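Notes follow the structure.
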Amino acid sequence: RLVCLLLTLLMLVSLVPATALTASAATLKTSEKAITVLKQLESYSGSCDANGYTGYGTRCTAKGDHGKGDEKHKITQAEADAALRKELEELDKAVNSFASKKGLNLNQQKHDAMVLFSFANGTAWVNGTGDLQAAITSGATGSKFLNAICWWNRDPVDDQRRMVEANMYLNGVYSISKPAQFIMIKLDAKGGSISGADTRYYDTAKAQPIDVVASNSGKIFMGWYLDPDAKDGKMVTQIDQSMAGKTLYARWQGNYNNVNSVYYQVPVSDLASK
């Protein structure tokens, strides 16, 4: 009988999917370090603004016109802290649910970063598909993750905040200071086109190759240059901190005369007359 019972139990266990035996629901909570950073980013306000935000960036629940300074729209720091933590509980659930659904084991710094991102941008990123979700599920690091999170709304005003969140996610750094190694550059295709945004972000902890190729019908892409006319002949092949905030310009060959290693466009009509 004992042998039969053991065999039955073994058969039942074998029918249970391995994931059911090993998987566990994510249950992380936003850390105190992350809450401190969020408070610093939001700053405390004792009354609501015209848009109805109060305290540390939570919604004012008082009825009536917002932003008028009425007593019923005022909030103490203790009340603001409580309101913030209540909202973070919901964001914790959303991020944990996403991680469990995707079979991810997000550590504390990644969980914290995505909660802070969600506080500012909502939780639409957890649904469907998108660059940010793909970056998280694929384990993207460095410049790839930095671009995914900064491209979410492509608003230069929010660049510093996105970089703070990326620094927390990638490096476990809890600070509101923009990391010096994260930079933004712009690409000017000079009449051509590139795939994706013309604003790119790079993690220059190590020199990064510029991997963007431009296209232009009938012309050959010759690389990226800091000089708009490529007259200095210095092609940029790697991105480092010194290029923060700069614009790189595409150089083209095609229907061009080569004069002193610099390409000048010549109208076809001029060529036909010579």
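Ligands are numbered from 1 in the order shown, chains are lettered A, B, ... in the order of the structure tokens, and residues start at 1 in each chain.
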
Please build the interface table for range 49-115 of chain A against range 149-169 of chain A with a cut-off of 8 Å, listing for each qualifying residue the nearest atom pair and the distance in Å to one decimal; count only C-alpha atoms, order rows by chain and increasing number, and write it as a Markdown table.
```
| residue | atom | partner | partner_atom | distance |
| --- | --- | --- | --- | --- |
| A:Gln109 | CA | A:Tyr169 | CA | 5.4 |
| A:Lys110 | CA | A:Tyr169 | CA | 4.4 |
| A:His111 | CA | A:Tyr169 | CA | 7.7 |
| A:Asp112 | CA | A:Tyr169 | CA | 7.5 |
| A:Ala113 | CA | A:Glu165 | CA | 5.1 |
| A:Met114 | CA | A:Glu165 | CA | 7.5 |
```

Selected residues written out, N, CA, C and O atoms, as a short mmCIF file (atom, residue, chain, number, x, y, z; two decimals), in the first residue's frame:
```
data_model
loop_
_atom_site.label_atom_id
_atom_site.label_comp_id
_atom_site.auth_asym_id
_atom_site.auth_seq_id
_atom_site.Cartn_x
_atom_site.Cartn_y
_atom_site.Cartn_z
N GLN A 109 16.23 47.41 -7.05
CA GLN A 109 16.52 48.66 -7.75
C GLN A 109 15.70 48.79 -9.05
O GLN A 109 15.24 49.89 -9.39
N LYS A 110 15.48 47.68 -9.73
CA LYS A 110 14.69 47.72 -10.96
C LYS A 110 13.21 47.95 -10.64
O LYS A 110 12.53 48.71 -11.34
N HIS A 111 12.73 47.29 -9.60
CA HIS A 111 11.35 47.51 -9.17
C HIS A 111 11.15 48.98 -8.79
O HIS A 111 10.18 49.62 -9.24
N ASP A 112 12.06 49.52 -7.99
CA ASP A 112 11.95 50.91 -7.55
C ASP A 112 11.94 51.87 -8.74
O ASP A 112 11.13 52.80 -8.80
N ALA A 113 12.83 51.64 -9.69
CA ALA A 113 12.94 52.52 -10.85
C ALA A 113 11.65 52.53 -11.66
O ALA A 113 11.18 53.59 -12.10
N MET A 114 11.05 51.36 -11.84
CA MET A 114 9.83 51.29 -12.65
C MET A 114 8.62 51.84 -11.90
O MET A 114 7.68 52.34 -12.51
#
```

Residues within 12 Å of Asp65 in chain A, only C-alpha atoms, excluding chain neighbours under 2 positions, as a ChimeraX atom specification: /A:47-53,60-63,67-73

Using DSSP secondary structure from the backbone, list all alpha helix (DSSP H) positions within range 97-228 of chain A, as JSON, numbers by chain. {"A": [97, 98, 99, 100, 101, 102, 108, 109, 110, 111, 112, 113, 114, 115, 116, 117, 118, 119, 120, 121, 131, 132, 133, 134, 135, 136, 137, 142, 143, 144, 145, 146, 147, 148, 149, 150, 159, 160, 161, 162, 163, 164, 165, 166, 167, 168, 169, 170, 171]}

Atom pair CA of Gly46 in chain A / CA of Ala80 in chain A: separation (Å):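 Interatomic distance, CA of Gly46 in chain A to CA of Ala80 in chain A: 8.3 Å.
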
Tell me which of A:Gly142, A:Gly130, A:Pro228, A:Gly192 sits closest to Asn171 in chain A, counting only C-alpha atoms.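 Among the listed residues, the smallest separation from Asn171 in chain A belongs to A:Gly142.
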
Which residues come within 9 Å of Phe119 in chain A, counting only C-alpha atoms, excluding same-chain residues fewer than 5 positions away, as a count of residues only? 6

Give me, as number ranges by chain, all polymer residues having an atom no more than 7 Å from Gly254 in chain A, counting only C-alpha atoms and skipping those fewer than 3 positions away in the same chain. A: 218-220

Proximity to Ala120 in chain A - best of A:Leu41, A:Ile35, A:Ala250, A:Leu226, only C-alpha atoms: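 Checking each candidate against Ala120 in chain A, we get A:Leu41 as the closest.
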
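Comparing A:Ile194, A:Ala34, A:Val212, A:Ile176 by their smallest distance to Gln108 in chain A, the closest is A:Ala34 (using only C-alpha atoms).
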
Would you compute the distance between CA of Ala180 in chain A and CA of Gly223 in chain A? Give it in Å to one decimal.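 Calculated distance between CA of Ala180 in chain A and CA of Gly223 in chain A is 26.0 Å.
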
Taken to one decimal, the CA of Leu248 in chain A-CA of Gly191 in chain A distance is 13.3 Å

Can you pull out the residues contacting Ala83 in chain A? Cut-off 9 Å, using only C-alpha atoms, and skip same-chain residues under 3 positions away; I want them as JSON, numbers by chain. {"A": [55, 56, 58, 59, 78, 79, 80, 86, 87, 88]}
